[in-house]
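Structure below is model_20.pdb: PDB, C-alpha atoms (C1' of nucleotides).
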```
MODEL        1
ATOM      1  CA  MET F   4     -18.737 -22.728 -20.032
ATOM      2  CA  LYS F   5     -17.683 -19.785 -22.142
ATOM      3  CA  GLU F   6     -14.383 -18.089 -21.395
ATOM      4  CA  TYR F   7     -13.655 -14.401 -21.586
ATOM      5  CA  SER F   8     -10.542 -12.466 -22.482
ATOM      6  CA  ILE F   9      -9.635  -9.513 -20.320
ATOM      7  CA  GLY F  10     -10.896  -7.152 -22.993
ATOM      8  CA  GLN F  11     -14.292  -8.812 -23.157
ATOM      9  CA  LEU F  12     -14.563  -8.685 -19.389
ATOM     10  CA  SER F  13     -13.622  -5.038 -19.535
ATOM     11  CA  GLN F  14     -16.400  -4.238 -21.998
ATOM     12  CA  GLN F  15     -19.062  -6.259 -20.271
ATOM     13  CA  CYS F  16     -18.398  -4.884 -16.813
ATOM     14  CA  ASP F  17     -17.399  -1.383 -17.851
ATOM     15  CA  VAL F  18     -14.096  -1.675 -16.020
ATOM     16  CA  LYS F  19     -10.857  -0.674 -17.685
ATOM     17  CA  VAL F  20      -8.376  -3.401 -18.542
ATOM     18  CA  PRO F  21      -5.562  -2.138 -16.291
ATOM     19  CA  THR F  22      -8.072  -1.884 -13.471
ATOM     20  CA  ILE F  23      -8.922  -5.563 -13.837
ATOM     21  CA  ARG F  24      -5.249  -6.453 -13.611
ATOM     22  CA  TYR F  25      -4.981  -4.149 -10.612
ATOM     23  CA  TYR F  26      -7.853  -5.935  -8.868
ATOM     24  CA  GLU F  27      -6.064  -9.210  -9.450
ATOM     25  CA  GLU F  28      -2.868  -7.771  -8.042
ATOM     26  CA  ILE F  29      -4.511  -6.675  -4.811
ATOM     27  CA  GLY F  30      -6.357  -9.968  -4.459
ATOM     28  CA  LEU F  31      -9.922  -8.914  -5.227
ATOM     29  CA  LEU F  32     -10.063 -11.178  -8.262
ATOM     30  CA  GLU F  33      -8.602 -14.637  -8.371
ATOM     31  CA  PRO F  34      -5.762 -15.066 -10.852
ATOM     32  CA  PRO F  35      -7.457 -16.696 -13.831
ATOM     33  CA  ALA F  36      -6.215 -19.523 -16.028
ATOM     34  CA  ARG F  37      -3.839 -18.589 -18.826
ATOM     35  CA  THR F  38      -3.559 -19.631 -22.436
ATOM     36  CA  ALA F  39      -0.386 -21.327 -23.649
ATOM     37  CA  GLY F  40       0.714 -17.858 -24.736
ATOM     38  CA  GLY F  41       0.136 -16.399 -21.276
ATOM     39  CA  GLN F  42      -3.100 -14.463 -21.800
ATOM     40  CA  ARG F  43      -5.815 -14.430 -19.149
ATOM     41  CA  ARG F  44      -8.981 -16.461 -19.724
ATOM     42  CA  TYR F  45     -11.812 -15.842 -17.300
ATOM     43  CA  PRO F  46     -14.758 -18.080 -16.441
ATOM     44  CA  GLN F  47     -18.302 -16.800 -16.083
ATOM     45  CA  ALA F  48     -17.921 -16.526 -12.335
ATOM     46  CA  ALA F  49     -15.197 -13.927 -12.726
ATOM     47  CA  ARG F  50     -17.527 -11.802 -14.777
ATOM     48  CA  ASP F  51     -20.122 -11.878 -12.020
ATOM     49  CA  ARG F  52     -17.611 -11.031  -9.351
ATOM     50  CA  LEU F  53     -16.128  -8.144 -11.304
ATOM     51  CA  SER F  54     -19.588  -6.820 -11.988
ATOM     52  CA  MET F  55     -20.307  -6.898  -8.282
ATOM     53  CA  ILE F  56     -17.083  -5.104  -7.481
ATOM     54  CA  ALA F  57     -17.798  -2.443 -10.077
ATOM     55  CA  HIS F  58     -21.250  -1.786  -8.668
ATOM     56  CA  ALA F  59     -20.040  -1.677  -5.112
ATOM     57  CA  ARG F  60     -17.263   0.750  -6.004
ATOM     58  CA  ASP F  61     -19.760   2.861  -7.877
ATOM     59  CA  LEU F  62     -21.905   3.009  -4.749
ATOM     60  CA  GLY F  63     -18.920   4.281  -2.852
ATOM     61  CA  PHE F  64     -17.852   1.212  -0.907
ATOM     62  CA  SER F  65     -14.157   0.926  -0.203
ATOM     63  CA  ILE F  66     -12.060  -1.952  -1.406
ATOM     64  CA  ASP F  67     -11.893  -3.138   2.179
ATOM     65  CA  SER F  68     -15.671  -3.179   2.472
ATOM     66  CA  ILE F  69     -15.839  -5.207  -0.702
ATOM     67  CA  ARG F  70     -13.350  -7.647   0.747
ATOM     68  CA  GLU F  71     -15.717  -7.987   3.696
ATOM     69  CA  PHE F  72     -18.682  -8.629   1.414
ATOM     70  CA  ILE F  73     -16.723 -11.317  -0.388
ATOM     71  CA  ARG F  74     -15.625 -12.883   2.853
ATOM     72  CA  MET F  75     -19.223 -12.875   4.067
ATOM     73  CA  SER F  76     -20.442 -14.663   0.978
ATOM     74  CA  ASN F  77     -17.589 -17.153   1.064
ATOM     75  CA  HIS F  78     -18.573 -18.289   4.536
ATOM     76  CA  PRO F  79     -22.345 -18.328   4.418
ATOM     77  CA  ALA F  80     -22.493 -20.591   7.465
ATOM     78  CA  ALA F  81     -20.092 -18.585   9.581
ATOM     79  CA  PRO F  82     -21.156 -17.400  13.003
ATOM     80  CA  CYS F  83     -22.924 -14.098  12.791
ATOM     81  CA  ASP F  84     -21.473 -12.210  15.697
ATOM     82  CA  ASP F  85     -18.867 -10.187  13.857
ATOM     83  CA  LEU F  86     -20.894 -10.299  10.697
ATOM     84  CA  ASP F  87     -23.807  -8.611  12.406
ATOM     85  CA  LEU F  88     -21.614  -5.732  13.399
ATOM     86  CA  ILE F  89     -20.264  -5.299   9.905
ATOM     87  CA  THR F  90     -23.691  -5.578   8.361
ATOM     88  CA  GLU F  91     -25.201  -3.131  10.775
ATOM     89  CA  LYS F  92     -22.400  -0.671  10.137
ATOM     90  CA  HIS F  93     -22.999  -0.884   6.409
ATOM     91  CA  LEU F  94     -26.744  -0.632   6.834
ATOM     92  CA  MET F  95     -26.465   2.566   8.833
ATOM     93  CA  ASP F  96     -24.047   3.909   6.300
ATOM     94  CA  VAL F  97     -26.413   3.078   3.459
ATOM     95  CA  GLN F  98     -29.419   4.631   5.193
ATOM     96  CA  ASN F  99     -27.427   7.721   5.930
ATOM     97  CA  ARG F 100     -26.449   8.123   2.308
ATOM     98  CA  ILE F 101     -30.015   7.628   1.143
ATOM     99  CA  LYS F 102     -31.241  10.361   3.464
ATOM    100  CA  LYS F 103     -28.686  12.873   2.298
ATOM    101  CA  LEU F 104     -29.165  12.041  -1.333
ATOM    102  CA  LYS F 105     -32.911  12.505  -1.015
ATOM    103  CA  ALA F 106     -32.461  15.993   0.383
ATOM    104  CA  LEU F 107     -30.206  16.745  -2.528
ATOM    105  CA  GLU F 108     -32.658  15.247  -4.987
ATOM    106  CA  THR F 109     -35.360  17.568  -3.714
ATOM    107  CA  GLU F 110     -33.165  20.583  -4.212
ATOM    108  CA  LEU F 111     -31.976  19.610  -7.647
ATOM    109  CA  THR F 112     -35.544  19.039  -8.754
ATOM    110  CA  ALA F 113     -36.554  22.403  -7.352
ATOM    111  CA  MET F 114     -33.668  24.020  -9.178
ATOM    112  CA  LEU F 115     -34.750  22.602 -12.486
ATOM    113  CA  LYS F 116     -38.299  23.819 -11.938
ATOM    114  CA  SER F 117     -37.359  27.320 -10.852
ATOM    115  CA  CYS F 118     -35.038  27.565 -13.788
ATOM    116  CA  ASP F 119     -37.805  27.798 -16.330
ATOM    117  CA  HIS F 120     -37.265  31.419 -17.130
ATOM    118  CA  GLY F 121     -33.672  31.142 -18.064
ATOM    119  CA  ARG F 122     -32.244  32.462 -14.813
ATOM    120  CA  VAL F 123     -31.499  30.985 -11.457
ATOM    121  CA  ALA F 124     -32.948  33.196  -8.803
ATOM    122  CA  ASP F 125     -31.919  31.309  -5.753
ATOM    123  CA  CYS F 126     -29.450  28.495  -5.959
ATOM    124  CA  ARG F 127     -29.901  26.507  -2.802
ATOM    125  CA  ILE F 128     -27.622  23.612  -3.605
ATOM    126  CA  LEU F 129     -24.759  24.940  -1.562
ATOM    127  CA  GLN F 130     -27.032  25.652   1.366
ATOM    128  CA  VAL F 131     -28.467  22.173   1.269
ATOM    129  CA  LEU F 132     -25.054  20.675   1.050
ATOM    130  CA  SER F 133     -23.716  22.673   3.939
ATOM    131  CA  ASP F 134     -26.778  22.418   6.146
ATOM    132  CA  HIS F 135     -25.795  20.562   9.259
ATOM    133  CA  ASP F 136     -29.403  19.799  10.092
ATOM    134  CA  GLN F 137     -29.389  17.349   7.206
ATOM    135  CA  CYS F 138     -26.767  15.299   8.953
ATOM    136  CA  GLN F 139     -27.287  12.154  10.906
ATOM    137  CA  THR F 140     -23.855  12.162  12.411
ATOM    138  CA  GLN F 141     -23.060  14.991  14.743
ATOM    139  CA  HIS F 142     -19.901  16.843  14.007
TER     140      HIS F 142
ATOM    141  CA  MET J   3     -17.141  38.536  12.678
ATOM    142  CA  LYS J   4     -15.342  35.765  14.464
ATOM    143  CA  GLU J   5     -12.229  34.284  12.908
ATOM    144  CA  TYR J   6     -11.200  30.666  12.948
ATOM    145  CA  SER J   7      -7.821  29.004  13.042
ATOM    146  CA  ILE J   8      -7.278  26.054  10.756
ATOM    147  CA  GLY J   9      -7.615  23.701  13.699
ATOM    148  CA  GLN J  10     -10.980  25.123  14.721
ATOM    149  CA  LEU J  11     -12.205  24.842  11.147
ATOM    150  CA  SER J  12     -10.966  21.279  11.100
ATOM    151  CA  GLN J  13     -12.929  20.359  14.219
ATOM    152  CA  GLN J  14     -16.121  22.125  13.207
ATOM    153  CA  CYS J  15     -16.239  20.680   9.705
ATOM    154  CA  ASP J  16     -14.726  17.304  10.508
ATOM    155  CA  VAL J  17     -12.050  17.757   7.879
ATOM    156  CA  LYS J  18      -8.423  17.060   8.676
ATOM    157  CA  VAL J  19      -6.023  19.995   8.805
ATOM    158  CA  PRO J  20      -3.792  18.851   5.928
ATOM    159  CA  THR J  21      -6.913  18.312   3.832
ATOM    160  CA  ILE J  22      -7.932  21.928   4.359
ATOM    161  CA  ARG J  23      -4.527  23.064   3.173
ATOM    162  CA  TYR J  24      -4.853  20.700   0.233
ATOM    163  CA  TYR J  25      -8.228  22.215  -0.724
ATOM    164  CA  GLU J  26      -6.611  25.616  -0.665
ATOM    165  CA  GLU J  27      -3.790  24.366  -2.842
ATOM    166  CA  ILE J  28      -6.124  23.045  -5.542
ATOM    167  CA  GLY J  29      -8.254  26.166  -5.427
ATOM    168  CA  LEU J  30     -11.400  24.895  -3.738
ATOM    169  CA  LEU J  31     -10.915  27.230  -0.802
ATOM    170  CA  GLU J  32      -9.732  30.795  -1.120
ATOM    171  CA  PRO J  33      -6.381  31.486   0.527
ATOM    172  CA  PRO J  34      -7.367  33.115   3.816
ATOM    173  CA  ALA J  35      -5.829  36.081   5.564
ATOM    174  CA  ARG J  36      -2.756  35.420   7.662
ATOM    175  CA  THR J  37      -1.633  36.646  11.062
ATOM    176  CA  ALA J  38       1.592  38.583  11.385
ATOM    177  CA  GLY J  39       3.207  35.250  12.203
ATOM    178  CA  GLY J  40       1.889  33.626   9.063
ATOM    179  CA  GLN J  41      -0.955  31.499  10.413
ATOM    180  CA  ARG J  42      -4.256  31.172   8.555
ATOM    181  CA  ARG J  43      -7.316  32.987   9.907
ATOM    182  CA  TYR J  44     -10.631  32.085   8.294
ATOM    183  CA  PRO J  45     -13.872  34.080   8.209
ATOM    184  CA  GLN J  46     -17.280  32.538   8.817
ATOM    185  CA  ALA J  47     -17.843  32.150   5.087
ATOM    186  CA  ALA J  48     -14.910  29.761   4.802
ATOM    187  CA  ARG J  49     -16.459  27.535   7.413
ATOM    188  CA  ASP J  50     -19.691  27.342   5.427
ATOM    189  CA  ARG J  51     -17.881  26.597   2.230
ATOM    190  CA  LEU J  52     -15.720  23.901   3.759
ATOM    191  CA  SER J  53     -18.756  22.354   5.350
ATOM    192  CA  MET J  54     -20.437  22.228   1.972
ATOM    193  CA  ILE J  55     -17.393  20.658   0.385
ATOM    194  CA  ALA J  56     -17.191  18.040   3.113
ATOM    195  CA  HIS J  57     -20.816  17.054   2.706
ATOM    196  CA  ALA J  58     -20.605  16.912  -1.045
ATOM    197  CA  ARG J  59     -17.474  14.755  -0.913
ATOM    198  CA  ASP J  60     -19.174  12.531   1.599
ATOM    199  CA  LEU J  61     -22.062  12.086  -0.797
ATOM    200  CA  GLY J  62     -19.657  10.972  -3.457
ATOM    201  CA  PHE J  63     -19.409  14.057  -5.633
ATOM    202  CA  SER J  64     -16.114  14.583  -7.365
ATOM    203  CA  ILE J  65     -13.964  17.621  -6.806
ATOM    204  CA  ASP J  66     -14.881  18.736 -10.315
ATOM    205  CA  SER J  67     -18.586  18.510  -9.530
ATOM    206  CA  ILE J  68     -18.005  20.619  -6.466
ATOM    207  CA  ARG J  69     -16.190  23.156  -8.567
ATOM    208  CA  GLU J  70     -19.297  23.252 -10.741
ATOM    209  CA  PHE J  71     -21.559  23.762  -7.732
ATOM    210  CA  ILE J  72     -19.387  26.618  -6.570
ATOM    211  CA  ARG J  73     -19.366  28.161 -10.005
ATOM    212  CA  MET J  74     -23.159  27.865 -10.130
ATOM    213  CA  SER J  75     -23.579  29.636  -6.839
ATOM    214  CA  ASN J  76     -21.115  32.338  -7.782
ATOM    215  CA  HIS J  77     -23.194  33.254 -10.832
ATOM    216  CA  PRO J  78     -26.747  32.973  -9.594
ATOM    217  CA  ALA J  79     -28.044  35.058 -12.471
ATOM    218  CA  ALA J  80     -26.247  33.151 -15.192
ATOM    219  CA  PRO J  81     -28.224  31.687 -18.050
ATOM    220  CA  CYS J  82     -29.553  28.288 -17.209
ATOM    221  CA  ASP J  83     -28.847  26.405 -20.378
ATOM    222  CA  ASP J  84     -25.620  24.743 -19.387
ATOM    223  CA  LEU J  85     -26.658  24.779 -15.778
ATOM    224  CA  ASP J  86     -29.722  22.746 -16.573
ATOM    225  CA  LEU J  87     -27.610  20.087 -18.159
ATOM    226  CA  ILE J  88     -25.279  19.892 -15.212
ATOM    227  CA  THR J  89     -28.144  19.840 -12.750
ATOM    228  CA  GLU J  90     -30.006  17.204 -14.667
ATOM    229  CA  LYS J  91     -26.900  15.068 -14.880
ATOM    230  CA  HIS J  92     -26.452  15.288 -11.135
ATOM    231  CA  LEU J  93     -30.110  14.628 -10.490
ATOM    232  CA  MET J  94     -30.062  11.444 -12.529
ATOM    233  CA  ASP J  95     -26.894  10.403 -10.813
ATOM    234  CA  VAL J  96     -28.436  11.033  -7.412
ATOM    235  CA  GLN J  97     -31.609   9.125  -8.234
ATOM    236  CA  ASN J  98     -29.570   6.253  -9.534
ATOM    237  CA  ARG J  99     -27.594   6.042  -6.353
ATOM    238  CA  ILE J 100     -30.705   6.153  -4.233
ATOM    239  CA  LYS J 101     -32.189   3.265  -6.159
ATOM    240  CA  LYS J 102     -29.146   1.079  -5.793
ATOM    241  CA  LEU J 103     -28.685   1.914  -2.159
ATOM    242  CA  LYS J 104     -32.291   1.054  -1.415
ATOM    243  CA  ALA J 105     -31.882  -2.391  -2.936
ATOM    244  CA  LEU J 106     -28.824  -2.836  -0.806
ATOM    245  CA  GLU J 107     -30.636  -1.592   2.275
ATOM    246  CA  THR J 108     -33.309  -4.216   1.752
ATOM    247  CA  GLU J 109     -30.744  -6.963   1.545
ATOM    248  CA  LEU J 110     -28.754  -5.818   4.534
ATOM    249  CA  THR J 111     -31.927  -5.642   6.601
ATOM    250  CA  ALA J 112     -32.920  -9.106   5.482
ATOM    251  CA  MET J 113     -29.493 -10.397   6.390
ATOM    252  CA  LEU J 114     -29.781  -9.052   9.895
ATOM    253  CA  LYS J 115     -33.178 -10.639  10.330
ATOM    254  CA  SER J 116     -32.242 -14.034   8.968
ATOM    255  CA  CYS J 117     -29.193 -13.975  11.153
ATOM    256  CA  ASP J 118     -31.144 -14.491  14.345
ATOM    257  CA  HIS J 119     -30.020 -18.046  14.856
ATOM    258  CA  GLY J 120     -26.337 -17.407  14.634
ATOM    259  CA  ARG J 121     -25.916 -18.525  11.026
ATOM    260  CA  VAL J 122     -26.349 -16.942   7.643
ATOM    261  CA  ALA J 123     -28.318 -19.203   5.423
ATOM    262  CA  ASP J 124     -28.289 -17.239   2.210
ATOM    263  CA  CYS J 125     -26.160 -14.193   1.754
ATOM    264  CA  ARG J 126     -27.562 -12.258  -1.166
ATOM    265  CA  ILE J 127     -25.444  -9.162  -0.910
ATOM    266  CA  LEU J 128     -23.189 -10.095  -3.780
ATOM    267  CA  GLN J 129     -26.126 -10.975  -5.990
ATOM    268  CA  VAL J 130     -27.797  -7.661  -5.289
ATOM    269  CA  LEU J 131     -24.626  -5.786  -5.978
ATOM    270  CA  SER J 132     -23.999  -7.585  -9.237
ATOM    271  CA  ASP J 133     -27.565  -7.534 -10.479
ATOM    272  CA  HIS J 134     -27.669  -5.549 -13.670
ATOM    273  CA  ASP J 135     -31.416  -5.108 -13.418
ATOM    274  CA  GLN J 136     -30.778  -2.680 -10.591
ATOM    275  CA  CYS J 137     -28.912  -0.399 -12.951
ATOM    276  CA  GLN J 138     -30.216   2.642 -14.702
ATOM    277  CA  THR J 139     -27.293   2.908 -17.039
ATOM    278  CA  GLN J 140     -26.851   0.105 -19.488
ATOM    279  CA  HIS J 141     -23.453  -1.420 -19.597
TER     280      HIS J 141
ATOM    281  C1'  DC K  16      -0.004 -16.371 -43.706
ATOM    282  C1'  DT K  17       0.246 -11.912 -42.454
ATOM    283  C1'  DA K  18      -1.474  -7.544 -40.475
ATOM    284  C1'  DA K  19      -4.311  -5.583 -37.043
ATOM    285  C1'  DA K  20      -6.022  -6.072 -32.723
ATOM    286  C1'  DT K  21      -5.450  -7.467 -28.391
ATOM    287  C1'  DG K  22      -2.708  -8.978 -24.690
ATOM    288  C1'  DC K  23       1.596  -9.194 -21.592
ATOM    289  C1'  DT K  24       4.819  -6.945 -17.969
ATOM    290  C1'  DC K  25       6.819  -3.098 -16.009
ATOM    291  C1'  DT K  26       7.184   1.473 -14.832
ATOM    292  C1'  DA K  27       5.542   5.857 -13.935
ATOM    293  C1'  DG K  28       1.932   9.219 -13.235
ATOM    294  C1'  DT K  29      -2.738  11.045 -11.447
ATOM    295  C1'  DC K  30      -5.963  12.358  -7.890
ATOM    296  C1'  DT K  31      -7.332  12.924  -3.245
ATOM    297  C1'  DC K  32      -5.883  12.883   0.631
ATOM    298  C1'  DT K  33      -2.819  11.783   5.086
ATOM    299  C1'  DG K  34       1.187  11.790   8.017
ATOM    300  C1'  DG K  35       5.796  13.068   9.645
ATOM    301  C1'  DA K  36      10.107  15.981  10.209
ATOM    302  C1'  DG K  37      11.910  20.047  11.610
ATOM    303  C1'  DG K  38      11.024  24.513  12.852
ATOM    304  C1'  DT K  39       7.928  28.867  14.297
ATOM    305  C1'  DT K  40       3.947  31.209  16.456
ATOM    306  C1'  DT K  41       0.131  31.336  19.849
ATOM    307  C1'  DT K  42      -1.814  30.597  24.093
ATOM    308  C1'  DA K  43      -2.155  29.218  28.834
ATOM    309  C1'  DT K  44      -0.117  29.169  33.293
ATOM    310  C1'  DG K  45       2.950  30.160  37.113
TER     311       DG K  45
ATOM    312  C1'  DC W   4       6.350  38.645  31.863
ATOM    313  C1'  DA W   5       8.616  34.134  31.037
ATOM    314  C1'  DT W   6       8.206  29.859  29.523
ATOM    315  C1'  DA W   7       6.273  25.487  28.170
ATOM    316  C1'  DA W   8       2.669  23.196  25.740
ATOM    317  C1'  DA W   9      -0.213  23.302  21.937
ATOM    318  C1'  DA W  10      -1.082  24.559  17.548
ATOM    319  C1'  DC W  11       0.691  26.162  13.357
ATOM    320  C1'  DC W  12       3.950  26.547   9.277
ATOM    321  C1'  DT W  13       6.296  24.371   4.877
ATOM    322  C1'  DC W  14       7.952  20.636   2.510
ATOM    323  C1'  DC W  15       8.210  16.042   1.367
ATOM    324  C1'  DA W  16       6.846  11.268   1.235
ATOM    325  C1'  DG W  17       3.380   7.672   1.090
ATOM    326  C1'  DA W  18      -1.320   5.446   0.653
ATOM    327  C1'  DG W  19      -5.315   4.048  -2.007
ATOM    328  C1'  DA W  20      -7.347   3.323  -6.281
ATOM    329  C1'  DC W  21      -6.658   3.631 -10.386
ATOM    330  C1'  DT W  22      -4.723   5.017 -15.448
ATOM    331  C1'  DA W  23      -1.533   5.391 -19.250
ATOM    332  C1'  DG W  24       2.473   4.358 -22.044
ATOM    333  C1'  DA W  25       6.599   1.760 -23.805
ATOM    334  C1'  DG W  26       8.176  -2.205 -25.790
ATOM    335  C1'  DC W  27       7.254  -6.698 -26.949
ATOM    336  C1'  DA W  28       4.287 -11.253 -27.609
ATOM    337  C1'  DT W  29       0.044 -13.668 -28.899
ATOM    338  C1'  DT W  30      -4.540 -14.059 -31.182
ATOM    339  C1'  DT W  31      -7.632 -13.565 -34.702
ATOM    340  C1'  DA W  32      -9.757 -12.032 -39.138
ATOM    341  C1'  DG W  33      -9.279 -11.774 -43.878
TER     342       DG W  33
ENDMDL
END
```
Encoding of this model in structure tokens:
Amino acid sequence: MKEYSIGQLSQQCDVKVPTIRYYEEIGLLEPPARTAGGQRRYPQAARDRLSMIAHARDLGFSIDSIREFIRMSNHPAAPCDDLDLITEKHLMDVQNRIKKLKALETELTAMLKSCDHGRVADCRILQVLSDHDQCQTQH
Amino acid sequence: MKEYSIGQLSQQCDVKVPTIRYYEEIGLLEPPARTAGGQRRYPQAARDRLSMIAHARDLGFSIDSIREFIRMSNHPAAPCDDLDLITEKHLMDVQNRIKKLKALETELTAMLKSCDHGRVADCRILQVLSDHDQCQTQH
DNA sequence: CTAAATGCTCTAGTCTCTGGAGGTTTTATG
DNA sequence: CATAAAACCTCCAGAGACTAGAGCATTTAG
């Protein structure tokens, strides 16, 4: 039943105070209750939601995608037809990112190993990053 | 030895024309040669570089990180001390992302499966995204 | 009870693009 | 070769997602 000030929320979720107000402004966070003096007081649920938003943003999802996630969870009994499409789209996106990041992980690890002697002989990061064979999507 | 117009570069790298000009403006791409009429003509190398930039952006690296990658590759014989730090930072970042994305992949897959009957019983996406146990970094 | 810390609104600025207006150069076609 | 369509140029404005500061009000710790 504890309430949080905007500053406490900010600390706990690692989201800057103006950003929290911005999320409220664009409708990602519900406007919270206010004290008599007009300051925001958030319930626990707001903390959870903000935490989710922060993680999703960190993973590279757009605000619009997050809106979709929220909508999905708000209507857990909704018909799945459109939801399936959205989910599948996100799943492919996620798998794609994982694949690319793994290729990059391999190269970064190799770089660290080959760097033992104080010099980089062959930096392959740029090659890996520009290698079209790593891509799922054709372009 | 072939040269590319900005439009051809745009198509091949899947980067919009104004974005290419923007990258030039902020110094990510070298200003290319111009025709007598003032149009940009890019060498093969520019295509490779732009492709690299596009992939790195797509993977979520900041423009500053890309600048670092470019700097690294421009000085392949530079001492590794600072390079190691940068590389290690990126490696941890990459591994972190992979971890989170995998958790999300699991949930998205589960959602699709449980969705067979036209209803979503339990949408766990938000929980997964807000779960602090998934995090590497403490916050 | 008061001073420091935190919060409020409002405005303006940053970064990374993206699009349009108005005009010029290239390229394809008759 | 002439011309019309396509692509290009610069410059400016706007979008998305924040971020910071000014000026003032409210909370909270001592």
TODO: Tell me, in Å to one decimal, how far atom CA of Lys101 of chain J is from atom CA of Arg69 of chain J.
DONE: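 Going from atom CA of Lys101 of chain J over to atom CA of Arg69 of chain J covers 25.6 Å.
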For the file shown, what are the residues hit by the PyMOL selection byres ((chain W and resi 13) around 12), laid out as a PDB file with C-alpha atoms (C1' of nucleotides), keeping the file's coordinate frame?
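Saved as selection-v1.pdb:
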```pdb
ATOM      1  CA  PRO J  20      -3.792  18.851   5.928  1.00  0.00           C
ATOM      2  CA  ARG J  23      -4.527  23.064   3.173  1.00  0.00           C
ATOM      3  CA  GLY J  40       1.889  33.626   9.063  1.00  0.00           C
ATOM      4  CA  GLN J  41      -0.955  31.499  10.413  1.00  0.00           C
TER       5      GLN J  41
ATOM      6  C1'  DA K  36      10.107  15.981  10.209  1.00  0.00           C
ATOM      7  C1'  DG K  37      11.910  20.047  11.610  1.00  0.00           C
ATOM      8  C1'  DG K  38      11.024  24.513  12.852  1.00  0.00           C
ATOM      9  C1'  DT K  39       7.928  28.867  14.297  1.00  0.00           C
TER      10       DT K  39
ATOM     11  C1'  DC W  11       0.691  26.162  13.357  1.00  0.00           C
ATOM     12  C1'  DC W  12       3.950  26.547   9.277  1.00  0.00           C
ATOM     13  C1'  DC W  14       7.952  20.636   2.510  1.00  0.00           C
ATOM     14  C1'  DC W  15       8.210  16.042   1.367  1.00  0.00           C
TER      15       DC W  15
END
```
Task: Close residues, DA28 of chain W itself excluded, 9 Å, all atoms listed in the file, min 5 positions apart in chain, as a PyMOL selection string - done: (chain F and resi 40) or (chain K and resi 22-23)
Open item on the list: Please check the contacts: residues of chain K at most 9 Å away from chain J, using all atoms listed in the file, listed as an MDAnalysis selection string.
Closed with: chainID K and resid 31:34 39:40
Just the selected residues (C-alpha atoms (C1' of nucleotides)), exported as a PDB file, in the frame of the given file, please.
```pdb
ATOM      1  C1'  DT K  31      -7.332  12.924  -3.245  1.00  0.00           C
ATOM      2  C1'  DC K  32      -5.883  12.883   0.631  1.00  0.00           C
ATOM      3  C1'  DT K  33      -2.819  11.783   5.086  1.00  0.00           C
ATOM      4  C1'  DG K  34       1.187  11.790   8.017  1.00  0.00           C
ATOM      5  C1'  DT K  39       7.928  28.867  14.297  1.00  0.00           C
ATOM      6  C1'  DT K  40       3.947  31.209  16.456  1.00  0.00           C
TER       7       DT K  40
END
```
At a cut-off of 9 Å, which residues of chain W touch chain F? Count all atoms listed in the file and give the answer as a PDB file with C-alpha atoms (C1' of nucleotides), keeping the file's coordinate frame.
```
ATOM      1  C1'  DA W  20      -7.347   3.323  -6.281  1.00  0.00           C
ATOM      2  C1'  DC W  21      -6.658   3.631 -10.386  1.00  0.00           C
ATOM      3  C1'  DT W  22      -4.723   5.017 -15.448  1.00  0.00           C
ATOM      4  C1'  DA W  28       4.287 -11.253 -27.609  1.00  0.00           C
ATOM      5  C1'  DT W  29       0.044 -13.668 -28.899  1.00  0.00           C
TER       6       DT W  29
END
```
TODO: Determine the nearest neighbour of chain F from the options J:Ala48, J:Ile68, J:Ile28, J:Val96, counting all atoms listed in the file.
DONE: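 Among J:Ala48, J:Ile68, J:Ile28, J:Val96, it is J:Val96 that comes nearest to chain F.
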Task: Nearby residues (all atoms listed in the file) at most 10 Å from Glu108 of chain F, same-chain spacing under 3 positions excluded, as a ChimeraX atom specification - done: /F:102-105,111-114,128 /J:92-97,100
Task: Shell around DA20 of chain K at 12 Å using only C-alpha atoms (C1' of nucleotides), local window under 4 positions removed, as a list in words - done: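 Residues near the query, excluding close chain neighbours: Gly10 of chain F; DT29, DT30, DT31 and DA32 of chain W.
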